[in-house]
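J.: Pasting entry.txt here (compact mmCIF, C-alpha atoms):
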# COMPACT_ATOMS: atom_id res chain seq x y z
CA MET N 1 4.92 -21.86 11.36
CA ILE N 2 6.73 -18.57 11.93
CA ALA N 3 8.16 -17.47 15.28
CA ILE N 4 9.05 -13.85 16.08
CA ARG N 5 11.91 -13.05 18.46
CA PRO N 6 14.34 -10.20 19.14
CA ALA N 7 17.33 -10.23 16.81
CA GLU N 8 20.74 -11.31 18.14
CA PRO N 9 24.26 -10.58 16.87
CA VAL N 10 24.39 -14.12 15.46
CA ASP N 11 21.58 -13.18 13.01
CA LEU N 12 23.83 -10.69 11.20
CA THR N 13 24.96 -13.00 8.39
CA ALA N 14 21.41 -14.11 7.49
CA ILE N 15 19.99 -10.54 7.74
CA ALA N 16 22.74 -9.04 5.58
CA ALA N 17 22.38 -11.88 3.04
CA LEU N 18 18.57 -11.52 2.77
CA ASP N 19 18.84 -7.75 2.35
CA ALA N 20 21.62 -8.08 -0.25
CA ARG N 21 19.52 -10.60 -2.18
CA LEU N 22 16.48 -8.29 -2.17
CA THR N 23 18.14 -4.92 -2.76
CA GLY N 24 21.10 -6.04 -4.88
CA GLN N 25 23.41 -4.09 -2.57
CA ALA N 26 25.69 -5.75 -0.03
CA LYS N 27 25.92 -3.62 3.13
CA ALA N 28 27.05 -5.90 5.92
CA ALA N 29 28.69 -3.03 7.84
CA TYR N 30 25.37 -1.14 7.90
CA TRP N 31 23.48 -4.15 9.29
CA GLN N 32 26.23 -4.81 11.81
CA ASP N 33 25.83 -1.23 13.03
CA MET N 34 22.01 -1.50 13.03
CA LEU N 35 22.14 -4.70 15.09
CA ALA N 36 24.60 -3.16 17.53
CA ARG N 37 22.35 -0.14 18.01
CA TYR N 38 18.91 -1.79 17.85
CA ALA N 39 19.25 -5.40 19.05
CA GLY N 40 19.65 -5.34 22.81
CA GLY N 41 19.98 -1.56 22.72
CA PRO N 42 17.84 1.05 24.54
CA PRO N 43 14.25 -0.12 25.24
CA GLU N 44 12.76 2.27 22.64
CA ARG N 45 14.68 0.48 19.87
CA HIS N 46 13.57 -2.83 18.43
CA PHE N 47 15.01 -5.28 15.95
CA LEU N 48 12.90 -8.42 15.48
CA VAL N 49 13.38 -11.44 13.30
CA ALA N 50 10.90 -14.02 12.02
CA GLU N 51 12.20 -17.55 11.72
CA THR N 52 10.80 -20.73 10.27
CA ALA N 53 10.27 -23.91 12.31
CA LYS N 54 13.67 -25.06 10.99
CA GLY N 55 15.33 -21.90 12.33
CA ALA N 56 15.88 -20.20 8.94
CA LEU N 57 15.46 -16.43 8.66
CA ALA N 58 12.04 -15.61 7.16
CA GLY N 59 12.25 -11.83 7.61
CA PHE N 60 13.08 -8.98 9.94
CA ILE N 61 11.82 -5.58 11.05
CA ALA N 62 13.50 -2.68 12.84
CA GLY N 63 12.06 0.44 14.40
CA GLU N 64 12.07 2.76 17.36
CA VAL N 65 9.97 5.21 19.33
CA ARG N 66 11.01 8.75 18.52
CA ALA N 67 9.71 11.89 20.14
CA TRP N 68 9.42 15.46 18.90
CA GLU N 69 11.21 14.97 15.62
CA PHE N 70 9.82 17.51 13.17
CA GLY N 71 7.63 18.76 16.04
CA GLN N 72 5.65 15.51 16.23
CA PRO N 73 4.71 13.85 19.55
CA PRO N 74 6.19 10.40 20.30
CA ALA N 75 5.42 7.77 17.64
CA GLY N 76 6.81 4.38 16.66
CA TRP N 77 8.83 4.48 13.44
CA VAL N 78 9.43 1.47 11.21
CA PHE N 79 12.85 1.84 9.57
CA ALA N 80 13.28 -1.47 7.81
CA ILE N 81 11.28 -4.54 6.92
CA GLN N 82 12.24 -7.42 4.63
CA VAL N 83 10.61 -10.79 4.05
CA ASP N 84 12.08 -13.72 2.15
CA PRO N 85 10.20 -13.69 -1.22
CA LYS N 86 9.60 -17.45 -0.93
CA LEU N 87 7.62 -16.84 2.27
CA ARG N 88 5.62 -13.80 1.14
CA LEU N 89 1.80 -13.74 1.19
CA LYS N 90 1.92 -16.12 4.15
CA GLY N 91 1.55 -13.50 6.88
CA THR N 92 5.25 -13.17 7.83
CA GLY N 93 5.38 -9.42 7.15
CA SER N 94 2.10 -8.85 8.99
CA ALA N 95 3.32 -10.90 11.97
CA LEU N 96 6.52 -8.83 12.13
CA PHE N 97 4.60 -5.56 11.81
CA GLU N 98 2.08 -6.56 14.49
CA ALA N 99 4.84 -7.68 16.87
CA LEU N 100 6.64 -4.35 16.48
CA ALA N 101 3.38 -2.37 16.78
CA ALA N 102 2.57 -4.27 20.00
CA ARG N 103 5.96 -3.29 21.44
CA PHE N 104 5.40 0.35 20.46
CA LYS N 105 1.95 0.28 22.07
CA ALA N 106 3.36 -1.24 25.26
CA GLN N 107 5.69 1.76 25.40
CA GLY N 108 2.71 4.12 25.39
CA VAL N 109 2.70 5.46 21.82
CA THR N 110 -0.52 5.53 19.83
CA ARG N 111 0.82 6.02 16.29
CA VAL N 112 3.11 4.02 14.03
CA ARG N 113 4.82 5.66 11.04
CA THR N 114 7.17 4.88 8.23
CA LEU N 115 8.59 6.43 5.08
CA VAL N 116 8.15 4.69 1.72
CA ASP N 117 9.33 5.37 -1.82
CA ARG N 118 6.10 6.38 -3.56
CA LYS N 119 7.07 4.40 -6.65
CA ASP N 120 7.53 1.21 -4.60
CA HIS N 121 3.95 0.02 -4.88
CA LEU N 122 4.69 -3.39 -3.34
CA ILE N 123 5.82 -2.02 0.02
CA LEU N 124 3.21 0.77 -0.13
CA SER N 125 0.50 -1.88 -0.59
CA PHE N 126 1.91 -3.88 2.31
CA PHE N 127 1.70 -0.96 4.73
CA ARG N 128 -1.76 -0.02 3.40
CA ALA N 129 -2.91 -3.58 4.08
CA GLN N 130 -1.76 -3.10 7.68
CA GLY N 131 -4.23 -0.21 7.92
CA MET N 132 -1.73 2.64 7.43
CA THR N 133 -2.82 5.76 5.57
CA ALA N 134 -1.05 9.02 4.61
CA GLY N 135 0.49 10.58 7.72
CA PRO N 136 0.45 14.18 8.90
CA SER N 137 3.81 15.11 7.36
CA LEU N 138 4.85 15.57 3.77
CA GLN N 139 8.47 14.81 2.89
CA LEU N 140 10.17 17.54 0.86
CA ASP N 141 13.33 17.23 -1.17
CA LYS N 142 15.75 19.33 -3.25
CA ALA N 143 18.77 18.62 -5.40
CA LEU N 144 21.99 20.24 -4.09
CA MET I 1 -9.38 14.68 -6.30
CA LYS I 2 -12.42 14.60 -8.55
CA LEU I 3 -13.30 11.34 -10.29
CA GLN I 4 -15.69 11.12 -13.23
CA THR I 5 -19.10 9.61 -12.47
CA ALA I 6 -18.29 6.47 -14.50
CA THR I 7 -15.11 5.94 -12.46
CA ARG I 8 -16.95 6.26 -9.18
CA LEU I 9 -19.66 3.85 -10.37
CA GLY I 10 -16.98 1.43 -11.56
CA LEU I 11 -15.34 1.47 -8.13
CA TYR I 12 -18.68 1.06 -6.35
CA ALA I 13 -19.66 -1.89 -8.55
CA VAL I 14 -16.30 -3.68 -8.39
CA LEU I 15 -16.04 -3.29 -4.62
CA GLU I 16 -19.63 -4.37 -4.01
CA LEU I 17 -19.22 -7.45 -6.23
CA ALA I 18 -15.76 -8.28 -4.81
CA ARG I 19 -17.26 -8.32 -1.32
CA ASP I 20 -18.63 -11.78 -2.20
CA PRO I 21 -17.24 -13.24 -5.45
CA ALA I 22 -19.77 -16.10 -5.35
CA ARG I 23 -22.71 -13.70 -5.49
CA THR I 24 -24.35 -12.46 -8.70
CA LEU I 25 -25.98 -9.03 -8.71
CA SER I 26 -27.95 -7.46 -11.54
CA SER I 27 -27.19 -3.95 -12.74
CA ALA I 28 -30.63 -2.97 -11.30
CA ASP I 29 -29.59 -4.37 -7.85
CA LEU I 30 -26.37 -2.39 -7.96
CA ALA I 31 -28.03 0.77 -9.29
CA GLU I 32 -30.58 0.69 -6.48
CA ARG I 33 -27.88 0.09 -3.84
CA PHE I 34 -25.98 3.23 -4.91
CA GLY I 35 -28.96 5.34 -5.99
CA VAL I 36 -27.79 5.75 -9.60
CA SER I 37 -29.33 5.19 -13.04
CA THR I 38 -29.36 1.58 -14.33
CA HIS I 39 -28.58 2.81 -17.84
CA HIS I 40 -25.39 4.58 -16.74
CA LEU I 41 -24.29 1.66 -14.57
CA ALA I 42 -24.92 -0.91 -17.34
CA LYS I 43 -22.39 0.89 -19.55
CA VAL I 44 -19.85 0.92 -16.72
CA LEU I 45 -20.41 -2.80 -16.06
CA ARG I 46 -19.77 -3.58 -19.72
CA THR I 47 -16.40 -1.84 -19.46
CA LEU I 48 -15.58 -3.83 -16.32
CA ALA I 49 -16.61 -7.08 -18.06
CA THR I 50 -14.46 -6.30 -21.11
CA ALA I 51 -11.51 -5.74 -18.77
CA GLY I 52 -12.16 -9.14 -17.16
CA LEU I 53 -12.91 -7.80 -13.69
CA VAL I 54 -16.50 -9.03 -13.70
CA HIS I 55 -18.37 -11.73 -15.60
CA ALA I 56 -21.86 -11.25 -17.04
CA GLU I 57 -24.17 -14.20 -16.34
CA ARG I 58 -27.10 -14.57 -18.69
CA GLY I 59 -30.59 -15.86 -17.89
CA ALA I 60 -33.41 -15.08 -15.48
CA SER I 61 -31.10 -15.06 -12.44
CA GLY I 62 -28.36 -13.38 -14.45
CA GLY I 63 -26.23 -10.44 -13.46
CA TYR I 64 -22.61 -9.72 -12.67
CA ARG I 65 -20.07 -11.64 -10.62
CA PHE I 66 -16.58 -10.54 -9.58
CA THR I 67 -13.86 -12.55 -11.34
CA GLY I 68 -10.71 -10.59 -10.48
CA ASN I 69 -8.13 -11.12 -7.74
CA ARG I 70 -9.02 -9.02 -4.67
CA ARG I 71 -5.45 -9.07 -3.36
CA ARG I 72 -3.85 -8.07 -6.66
CA LEU I 73 -6.32 -5.54 -8.06
CA THR I 74 -5.83 -1.97 -6.88
CA LEU I 75 -8.06 1.08 -7.06
CA MET I 76 -5.76 2.34 -9.84
CA ASP I 77 -6.57 -0.71 -12.00
CA VAL I 78 -10.25 0.28 -11.93
CA VAL I 79 -9.66 4.04 -12.21
CA ALA I 80 -7.40 3.51 -15.26
CA LEU I 81 -10.33 1.97 -17.16
CA PHE I 82 -12.24 5.24 -17.03
CA GLU I 83 -9.77 8.09 -16.51
CA PRO I 84 -6.69 9.16 -18.47
CA MET I 85 -3.56 7.86 -16.71
CA PRO I 86 -2.03 10.50 -14.44
CA GLY I 87 0.53 12.45 -16.43
CA HIS I 88 -0.84 11.18 -19.76
CA ARG I 89 -3.14 13.99 -20.80
CA ALA I 90 -3.26 16.23 -23.83
CA LYS I 91 -1.03 19.29 -23.87
CA GLU I 92 -2.75 22.50 -22.71
CA PRO I 93 -2.13 25.97 -24.18
CA GLY I 94 0.51 27.92 -22.28
CA GLU I 95 2.45 24.88 -21.06
CA ASP I 96 5.54 25.92 -23.01
CA THR I 97 5.89 29.19 -21.11
CA ASP I 98 8.04 29.33 -17.94
CA ILE I 99 4.95 29.89 -15.78
CA GLY I 100 3.10 27.08 -17.58
CA ALA I 101 6.06 24.73 -17.07
CA ALA I 102 6.31 25.63 -13.36
CA LEU I 103 2.58 24.96 -12.95
CA GLN I 104 3.00 21.65 -14.77
CA ARG I 105 5.68 20.55 -12.29
CA VAL I 106 3.28 21.18 -9.38
CA LEU I 107 0.42 19.36 -11.13
CA ALA I 108 2.72 16.43 -12.01
CA GLU I 109 3.70 16.20 -8.33
CA ILE I 110 0.01 15.97 -7.36
CA ASP I 111 -0.61 13.34 -10.07
CA GLU I 112 2.30 11.24 -8.83
CA ILE I 113 1.03 11.25 -5.24
CA ALA I 114 -2.52 10.43 -6.38
CA GLU I 115 -1.24 7.55 -8.51
CA ALA I 116 0.90 6.17 -5.67
CA THR I 117 -2.13 6.26 -3.36
CA LEU I 118 -4.49 4.57 -5.82
CA ARG I 119 -1.90 1.93 -6.75
CA SER I 120 -1.18 1.07 -3.11
CA VAL I 121 -4.77 0.30 -2.06
CA SER I 122 -5.93 -3.18 -3.10
CA LEU I 123 -9.59 -4.17 -3.20
CA GLU I 124 -8.80 -6.55 -0.33
CA THR I 125 -7.46 -3.66 1.76
CA MET I 126 -10.52 -1.53 0.97
CA LEU I 127 -12.95 -4.29 1.89
CA LYS I 128 -11.06 -5.30 5.02
CA GLN I 129 -10.91 -1.83 6.49
CA PRO I 130 -12.89 0.84 4.62
CA MET I 131 -10.95 4.09 5.08
Could you spell out this file's structure in structure tokens?
T.:
Amino acid sequence: MIAIRPAEPVDLTAIAALDARLTGQAKAAYWQDMLARYAGGPPERHFLVAETAKGALAGFIAGEVRAWEFGQPPAGWVFAIQVDPKLRLKGTGSALFEALAARFKAQGVTRVRTLVDRKDHLILSFFRAQGMTAGPSLQLDKAL
Amino acid sequence: MKLQTATRLGLYAVLELARDPARTLSSADLAERFGVSTHHLAKVLRTLATAGLVHAERGASGGYRFTGNRRRLTLMDVVALFEPMPGHRAKEPGEDTDIGAALQRVLAEIDEIAEATLRSVSLETMLKQPM
């Protein structure tokens, strides 16, 4: 049984450890900053964690409502999502996504967006399974 | 994006059969459902059977049954049985010129986006919420 709740500063160690395990990059300072800005921050920012019945971290999601960036009307943006691989395919990611989407909706936005590496088919498939399709913008890039 | 007829038929057949893996449908059933020739579809179904996505049942109530994994199989897995893989096609005349190379970069970009899209949509996702 998974429970979703807002993240708290005390979650930092588990969040940073799960991310480091999944990405191979330790970035505790980044997650400390994210938690400071998103957990208990302005109401348009959200940082949620999923925990098991025993209180272990199962996953987390972070996002915020942003308005008029790149000329787009307000939309909820998902910035980060991670799920413990041992608990994947059990609905944890979907529960986190739905909880964040519900918060976005409660704030009056009607769209949820994210940005995904197009070679990362696992995360692309996850967002597709949530009903997401290609958005109205196309990301462009150039070497400097 | 234009898909060959065989690819489209392959996707139709796999998705229709994956809708209910316990059900067996004949190639005539499927052909009638999609308004296509049985002959053409039979060839496509043989390709799908060879790839292990469907199983051919013999006998009077024979036909095809889905045997793949709906959550794991993506549209790309089916498309790849019938189409050349994006970015894996024969060299065209003029590609070695600067204009040809510039055009190739644009076409490769389109291929990469098409591949990412096809690889990200599982049969389960398609059947849960047809887009």
J.: Sorted by chain and rising residue number, which residues of chain N lie within 9 Å of chain I, and what are their closest atom pairs and distances in Å to one decimal, counting all atoms listed in the file, as a tab-separated table?
T.:
residue	atom	partner	partner_atom	distance
N:Arg118	CA	I:Ala116	CA	5.6
N:Lys119	CA	I:Ala116	CA	6.5
N:Asp120	CA	I:Ala116	CA	8.3
N:His121	CA	I:Ser120	CA	5.5
N:Leu122	CA	I:Ser120	CA	7.4
N:Ile123	CA	I:Ser120	CA	8.3
N:Leu124	CA	I:Ser120	CA	5.3
N:Ser125	CA	I:Ser120	CA	4.2
N:Phe126	CA	I:Ser120	CA	8.0
N:Phe127	CA	I:Ser120	CA	8.6
N:Arg128	CA	I:Val121	CA	6.2
N:Ala129	CA	I:Thr125	CA	5.1
N:Gln130	CA	I:Thr125	CA	8.2
N:Gly131	CA	I:Gln129	CA	7.0
N:Thr133	CA	I:Met131	CA	8.3
N:Ala134	CA	I:Thr117	CA	8.5
J.: Mind pulling up the distance from atom CA of N:Phe104 to atom CA of N:Val10?
T.: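 If I compute the distance from atom CA of N:Val10 to atom CA of N:Phe104, I get 24.4 Å.
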J.: Report, in Å to a single decimal, how far apart atom CA of N:Tyr38 and atom CA of N:Met1 are.
T.: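 Atom CA of N:Tyr38 lies 25.3 Å from atom CA of N:Met1.
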J.: Using only C-alpha atoms, determine which residues lie at most 8 Å from stretch 62-76 of chain N, disregarding the query and same-chain residues fewer than 5 positions distant; provide the list as a PDB file with C-alpha atoms, in the coordinates of the input.
T.:
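In the end it all went to around09.pdb:
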ATOM      1  CA  TYR N  38      18.910  -1.790  17.850  1.00  0.00           C
ATOM      2  CA  GLU N  44      12.760   2.270  22.640  1.00  0.00           C
ATOM      3  CA  ARG N  45      14.680   0.480  19.870  1.00  0.00           C
ATOM      4  CA  HIS N  46      13.570  -2.830  18.430  1.00  0.00           C
ATOM      5  CA  PHE N  47      15.010  -5.280  15.950  1.00  0.00           C
ATOM      6  CA  LEU N  48      12.900  -8.420  15.480  1.00  0.00           C
ATOM      7  CA  ILE N  81      11.280  -4.540   6.920  1.00  0.00           C
ATOM      8  CA  LEU N 100       6.640  -4.350  16.480  1.00  0.00           C
ATOM      9  CA  ALA N 101       3.380  -2.370  16.780  1.00  0.00           C
ATOM     10  CA  PHE N 104       5.400   0.350  20.460  1.00  0.00           C
ATOM     11  CA  VAL N 109       2.700   5.460  21.820  1.00  0.00           C
ATOM     12  CA  THR N 110      -0.520   5.530  19.830  1.00  0.00           C
ATOM     13  CA  ARG N 111       0.820   6.020  16.290  1.00  0.00           C
ATOM     14  CA  VAL N 112       3.110   4.020  14.030  1.00  0.00           C
ATOM     15  CA  ARG N 113       4.820   5.660  11.040  1.00  0.00           C
TER      16      ARG N 113
END
J.: Please, what distance in Å, to one decimal, runs between atom CA of I:Leu11 and atom CA of I:Met85?
T.: 15.9 Å
J.: Writing C-alpha atoms and nothing else, produce stretch 28-134 of chain N as an mmCIF file, in the first residue's frame.
T.:
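Output (part_5.cif):
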data_model
loop_
_atom_site.group_PDB
_atom_site.id
_atom_site.type_symbol
_atom_site.label_atom_id
_atom_site.label_comp_id
_atom_site.auth_asym_id
_atom_site.auth_seq_id
_atom_site.Cartn_x
_atom_site.Cartn_y
_atom_site.Cartn_z
ATOM 1 C CA ALA N 28 22.451 16.220 -2.626
ATOM 2 C CA ALA N 29 22.876 20.015 -2.827
ATOM 3 C CA TYR N 30 20.481 20.154 -5.803
ATOM 4 C CA TRP N 31 17.794 18.167 -3.960
ATOM 5 C CA GLN N 32 18.303 20.227 -0.824
ATOM 6 C CA ASP N 33 17.662 23.354 -2.907
ATOM 7 C CA MET N 34 14.655 21.741 -4.660
ATOM 8 C CA LEU N 35 13.106 20.760 -1.322
ATOM 9 C CA ALA N 36 13.694 24.239 0.091
ATOM 10 C CA ARG N 37 12.005 25.826 -2.921
ATOM 11 C CA TYR N 38 9.233 23.288 -3.596
ATOM 12 C CA ALA N 39 8.333 21.575 -0.297
ATOM 13 C CA GLY N 40 6.325 24.033 1.768
ATOM 14 C CA GLY N 41 7.090 26.779 -0.746
ATOM 15 C CA PRO N 42 4.608 28.922 -2.725
ATOM 16 C CA PRO N 43 1.244 27.185 -3.387
ATOM 17 C CA GLU N 44 1.967 26.760 -7.122
ATOM 18 C CA ARG N 45 4.970 24.537 -6.302
ATOM 19 C CA HIS N 46 4.601 20.920 -5.283
ATOM 20 C CA PHE N 47 6.965 18.221 -4.106
ATOM 21 C CA LEU N 48 5.243 14.941 -3.232
ATOM 22 C CA VAL N 49 6.608 11.664 -1.981
ATOM 23 C CA ALA N 50 5.162 8.159 -2.091
ATOM 24 C CA GLU N 51 5.942 5.959 0.876
ATOM 25 C CA THR N 52 5.381 2.319 1.655
ATOM 26 C CA ALA N 53 3.331 1.097 4.632
ATOM 27 C CA LYS N 54 6.652 0.756 6.495
ATOM 28 C CA GLY N 55 7.488 4.408 5.812
ATOM 29 C CA ALA N 56 10.208 3.779 3.190
ATOM 30 C CA LEU N 57 10.502 6.125 0.209
ATOM 31 C CA ALA N 58 8.866 4.534 -2.865
ATOM 32 C CA GLY N 59 9.200 7.548 -5.163
ATOM 33 C CA PHE N 60 8.745 11.275 -5.548
ATOM 34 C CA ILE N 61 7.475 13.885 -8.002
ATOM 35 C CA ALA N 62 8.019 17.631 -8.261
ATOM 36 C CA GLY N 63 6.307 20.243 -10.372
ATOM 37 C CA GLU N 64 4.754 23.675 -10.489
ATOM 38 C CA VAL N 65 2.198 25.808 -12.265
ATOM 39 C CA ARG N 66 3.927 28.216 -14.615
ATOM 40 C CA ALA N 67 2.278 30.930 -16.640
ATOM 41 C CA TRP N 68 3.248 32.599 -19.906
ATOM 42 C CA GLU N 69 6.607 30.943 -20.309
ATOM 43 C CA PHE N 70 7.338 30.753 -24.036
ATOM 44 C CA GLY N 71 4.007 32.548 -24.565
ATOM 45 C CA GLN N 72 1.970 29.629 -23.204
ATOM 46 C CA PRO N 73 -1.012 30.105 -20.849
ATOM 47 C CA PRO N 74 -0.730 28.660 -17.314
ATOM 48 C CA ALA N 75 0.011 24.918 -17.215
ATOM 49 C CA GLY N 76 1.290 22.454 -14.644
ATOM 50 C CA TRP N 77 4.862 21.327 -15.319
ATOM 51 C CA VAL N 78 6.350 18.076 -14.044
ATOM 52 C CA PHE N 79 10.069 18.623 -13.399
ATOM 53 C CA ALA N 80 11.100 15.390 -11.757
ATOM 54 C CA ILE N 81 9.736 11.936 -11.085
ATOM 55 C CA GLN N 82 11.552 8.879 -9.750
ATOM 56 C CA VAL N 83 10.247 5.542 -8.520
ATOM 57 C CA ASP N 84 12.220 2.871 -6.696
ATOM 58 C CA PRO N 85 12.838 0.168 -9.378
ATOM 59 C CA LYS N 86 11.749 -2.545 -6.912
ATOM 60 C CA LEU N 87 8.312 -0.918 -6.727
ATOM 61 C CA ARG N 88 7.812 -0.188 -10.430
ATOM 62 C CA LEU N 89 4.817 -1.535 -12.387
ATOM 63 C CA LYS N 90 2.798 -1.397 -9.171
ATOM 64 C CA GLY N 91 1.140 1.963 -9.805
ATOM 65 C CA THR N 92 3.458 4.144 -7.675
ATOM 66 C CA GLY N 93 4.427 6.430 -10.567
ATOM 67 C CA SER N 94 0.807 6.724 -11.704
ATOM 68 C CA ALA N 95 -0.324 7.520 -8.141
ATOM 69 C CA LEU N 96 2.310 10.273 -7.879
ATOM 70 C CA PHE N 97 1.398 11.679 -11.295
ATOM 71 C CA GLU N 98 -2.332 11.648 -10.521
ATOM 72 C CA ALA N 99 -1.795 13.314 -7.131
ATOM 73 C CA LEU N 100 0.243 16.099 -8.741
ATOM 74 C CA ALA N 101 -2.241 16.478 -11.622
ATOM 75 C CA ALA N 102 -5.093 16.766 -9.078
ATOM 76 C CA ARG N 103 -3.232 19.581 -7.312
ATOM 77 C CA PHE N 104 -2.628 21.363 -10.624
ATOM 78 C CA LYS N 105 -6.310 21.002 -11.517
ATOM 79 C CA ALA N 106 -7.366 22.367 -8.128
ATOM 80 C CA GLN N 107 -5.288 25.437 -8.961
ATOM 81 C CA GLY N 108 -7.318 26.001 -12.124
ATOM 82 C CA VAL N 109 -4.968 24.793 -14.876
ATOM 83 C CA THR N 110 -6.233 22.453 -17.569
ATOM 84 C CA ARG N 111 -2.938 21.164 -19.020
ATOM 85 C CA VAL N 112 -0.002 19.242 -17.604
ATOM 86 C CA ARG N 113 3.363 19.233 -19.388
ATOM 87 C CA THR N 114 6.840 17.866 -19.075
ATOM 88 C CA LEU N 115 10.073 17.593 -21.024
ATOM 89 C CA VAL N 116 11.603 14.177 -21.743
ATOM 90 C CA ASP N 117 14.790 12.961 -23.401
ATOM 91 C CA ARG N 118 13.473 11.434 -26.631
ATOM 92 C CA LYS N 119 15.903 8.532 -26.323
ATOM 93 C CA ASP N 120 14.613 7.681 -22.828
ATOM 94 C CA HIS N 121 11.867 5.339 -23.962
ATOM 95 C CA LEU N 122 11.087 4.135 -20.428
ATOM 96 C CA ILE N 123 10.052 7.538 -19.107
ATOM 97 C CA LEU N 124 8.442 8.454 -22.459
ATOM 98 C CA SER N 125 6.308 5.299 -22.221
ATOM 99 C CA PHE N 126 5.376 6.149 -18.643
ATOM 100 C CA PHE N 127 4.064 9.602 -19.557
ATOM 101 C CA ARG N 128 2.303 8.181 -22.644
ATOM 102 C CA ALA N 129 0.574 5.644 -20.405
ATOM 103 C CA GLN N 130 -0.700 8.579 -18.331
ATOM 104 C CA GLY N 131 -2.431 9.843 -21.476
ATOM 105 C CA MET N 132 0.148 12.494 -22.437
ATOM 106 C CA THR N 133 0.819 13.182 -26.111
ATOM 107 C CA ALA N 134 3.172 15.564 -27.972
#
